[in-house]
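Below you'll find the structure, written out as structure tokens, and then a few comments.
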Amino acid sequence: MVKLGLLALAFAVTALLYASVGFGGGSTYTALLVASGADYRIIPLVALTCNVIVVSGNSARYAKQRLVEWRKLFPLIALSIPAAWIGGQLDVSETVFIGLLWIALLLAGLRLLTAKPVIDTVKYRTTPIWQSLGLGAAIGFYSGLVGIGGGIFLAPILHFRRWGSAKAIAAACSVFILVNSIAGLAGQWTKLASTAQLSEALTYWPILPAVLIGGFIGNRFGVFKLTQHVVKRLTAILILVVAARLALKWVSLIF
């Protein structure tokens with residue numbers, strides 16, 4: 001019970017930090033569960049549930065602040081939703097699961113950390129619809145497979161393409177994470193519905209109120225306080241820390 005309490009505290013802090021930059025924290029939830037020795041088969045289910053809780057509040061607040069650019073966002077989520085559902089239903093080994101996740105996080109974190117600052121006076125680029133559809137489908141499938149929302153993949157790409165301001169990108173990623181987490185969660189639930197792992201996943205219920213509280217505090221702080229520069233750098237640091245933790249776990253599985 002003490003171990004679960006400490007895990008809930010760690011999840012609350014994670015939710016606070018990630019919510020402050022518009023993310024749900026799924027990647028770090030995954031890392032924490034791996035470190036705690038949780039069965040890798042239930043990790044996506046738990047992480048995605050926490051994602052939905054955190055980014056639901058994020059998305060609502062960003063929408064209220066009119067930071068979500070719905071017309072530009074829709075092509076990104078149109079195919080990502082069914083793709084995340086399909087990915088969530090696929091079975092992968094623990095080695096493949098950890099390996100796919102840490103490599104993707106490493107690349108995303110480095111890209112975001114080294115990207116040039118997005119300046120509001122710079123003219124933003126328009127992404128062709130077919131590119132947005134393909135990008136959303138690819139990220140959705142990968143995210144559903146490993147049990148995260150996909151914002152960590154989408155954010156550096158949108159920054160690189162000058163899709164919009166840092167706040168607008170954070171808002172877009174928040175909504176993207178929400179819809180993909182719900183779709184991926186549906187796929188994961190379908191996959192585990194008739195297995196003993198589903199009951200095991202339910203024992204982690206104490207972390208849910210923890211992420212609810214942490215996410216609420218983080219989102220309030222992020223929307224009204226953080227600058228664009230801090231948003232990007234904090235996001236990059238969080239992603240790289242997670243990547244390093246998962247890399248160590250993957251190496252231990254291989255050797």
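Scheme for the structure tokens: letters A, B, ... for chains in order shown; per-chain residue numbers from 1; ligand numbers from 1 in order shown.
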Could you list, with a cut-off of 9 Å and counting only C-alpha atoms, the residues of region 122-238 of chain A near region 7-12 of chain A, each shown with its nearest atom pair and the distance in Å rounded to one decimal, rows sorted by chain and ascending number, as a tab-separated table?
```
residue	atom	partner	partner_atom	distance
A:Tyr204	CA	A:Ala8	CA	8.7
A:Pro206	CA	A:Ala8	CA	6.5
A:Ile207	CA	A:Ala8	CA	4.5
A:Leu208	CA	A:Ala8	CA	7.9
A:Pro209	CA	A:Ala12	CA	8.5
A:Ala210	CA	A:Ala12	CA	4.9
A:Val211	CA	A:Ala12	CA	4.6
A:Leu212	CA	A:Ala12	CA	7.6
A:Ile213	CA	A:Ala12	CA	6.9
A:Gly214	CA	A:Ala12	CA	4.6
A:Gly215	CA	A:Ala12	CA	7.3
```
Please dump the current selection as a PDB file, in the first residue's frame; keep N, CA and C atoms.
```pdb
ATOM      1  N   TYR A 204      -4.791  -0.255  -9.439  1.00  0.00           N
ATOM      2  CA  TYR A 204      -4.052   1.003  -9.471  1.00  0.00           C
ATOM      3  C   TYR A 204      -4.978   2.218  -9.381  1.00  0.00           C
ATOM      4  N   PRO A 206      -5.960   4.167  -7.006  1.00  0.00           N
ATOM      5  CA  PRO A 206      -5.602   5.360  -6.204  1.00  0.00           C
ATOM      6  C   PRO A 206      -4.838   6.432  -6.972  1.00  0.00           C
ATOM      7  N   ILE A 207      -4.218   6.078  -8.081  1.00  0.00           N
ATOM      8  CA  ILE A 207      -3.462   7.094  -8.820  1.00  0.00           C
ATOM      9  C   ILE A 207      -4.384   8.019  -9.614  1.00  0.00           C
ATOM     10  N   LEU A 208      -5.627   7.610  -9.816  1.00  0.00           N
ATOM     11  CA  LEU A 208      -6.540   8.420 -10.624  1.00  0.00           C
ATOM     12  C   LEU A 208      -6.878   9.760  -9.966  1.00  0.00           C
ATOM     13  N   PRO A 209      -7.300   9.780  -8.697  1.00  0.00           N
ATOM     14  CA  PRO A 209      -7.531  11.094  -8.068  1.00  0.00           C
ATOM     15  C   PRO A 209      -6.248  11.906  -7.944  1.00  0.00           C
ATOM     16  N   ALA A 210      -5.097  11.225  -7.843  1.00  0.00           N
ATOM     17  CA  ALA A 210      -3.821  11.929  -7.733  1.00  0.00           C
ATOM     18  C   ALA A 210      -3.523  12.724  -9.001  1.00  0.00           C
ATOM     19  N   VAL A 211      -3.728  12.103 -10.161  1.00  0.00           N
ATOM     20  CA  VAL A 211      -3.454  12.815 -11.415  1.00  0.00           C
ATOM     21  C   VAL A 211      -4.515  13.873 -11.694  1.00  0.00           C
ATOM     22  N   LEU A 212      -5.725  13.656 -11.188  1.00  0.00           N
ATOM     23  CA  LEU A 212      -6.774  14.655 -11.353  1.00  0.00           C
ATOM     24  C   LEU A 212      -6.385  15.956 -10.659  1.00  0.00           C
ATOM     25  N   ILE A 213      -5.903  15.840  -9.432  1.00  0.00           N
ATOM     26  CA  ILE A 213      -5.488  17.020  -8.668  1.00  0.00           C
ATOM     27  C   ILE A 213      -4.242  17.660  -9.272  1.00  0.00           C
ATOM     28  N   GLY A 214      -3.242  16.847  -9.567  1.00  0.00           N
ATOM     29  CA  GLY A 214      -2.011  17.363 -10.149  1.00  0.00           C
ATOM     30  C   GLY A 214      -2.238  18.022 -11.501  1.00  0.00           C
ATOM     31  N   GLY A 215      -3.055  17.404 -12.327  1.00  0.00           N
ATOM     32  CA  GLY A 215      -3.351  17.959 -13.641  1.00  0.00           C
ATOM     33  C   GLY A 215      -4.077  19.286 -13.566  1.00  0.00           C
TER      34      GLY A 215
END
```
Residues within 8 Å of Ser143 (chain A), only C-alpha atoms, excluding chain neighbours under 5 positions, as a PyMOL selection string: chain A and resi 84+87+148-150+180+184
Residues near Leu90 (chain A), cut-off 12 Å, only C-alpha atoms, skip fewer than 6 positions along chain, as a PyMOL selection string: chain A and resi 41+44+83-84+97+141-147+184+187-192
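Ranking A:Gly109, A:Gly88, A:Pro156, A:Gly134 by their shortest atom-to-atom distance to Ile42 (chain A), with only C-alpha atoms included, puts A:Gly88 first.
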Within 6 Å of Gly151 (chain A) using only C-alpha atoms, minus same-chain residues under 4 positions, as a PyMOL selection string: chain A and resi 155+173+177
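Going from CA of Trp70 (chain A) over to CA of Val179 (chain A), you cover 13.3 Å.
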Closest of A:Tyr18, A:Trp85, A:Trp102, A:Phe74 to Arg245 (chain A) - atom-to-atom distances counting only C-alpha atoms: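 Of A:Tyr18, A:Trp85, A:Trp102, A:Phe74, the one nearest Arg245 (chain A) is A:Trp102, counting only C-alpha atoms.
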All helix (DSSP H, G or I) residues (DSSP, backbone) inside region 26-177 of chain A, as a PyMOL selection string: chain A and resi 26-36+43-64+70-78+80-89+94-114+129-146+151-160+166-177
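Residue nearest Leu105 (chain A) within the list A:Ser181, A:Gln89, A:Ser27, A:Ser165: A:Ser27 [criterion: smallest interatomic distance, only C-alpha atoms].
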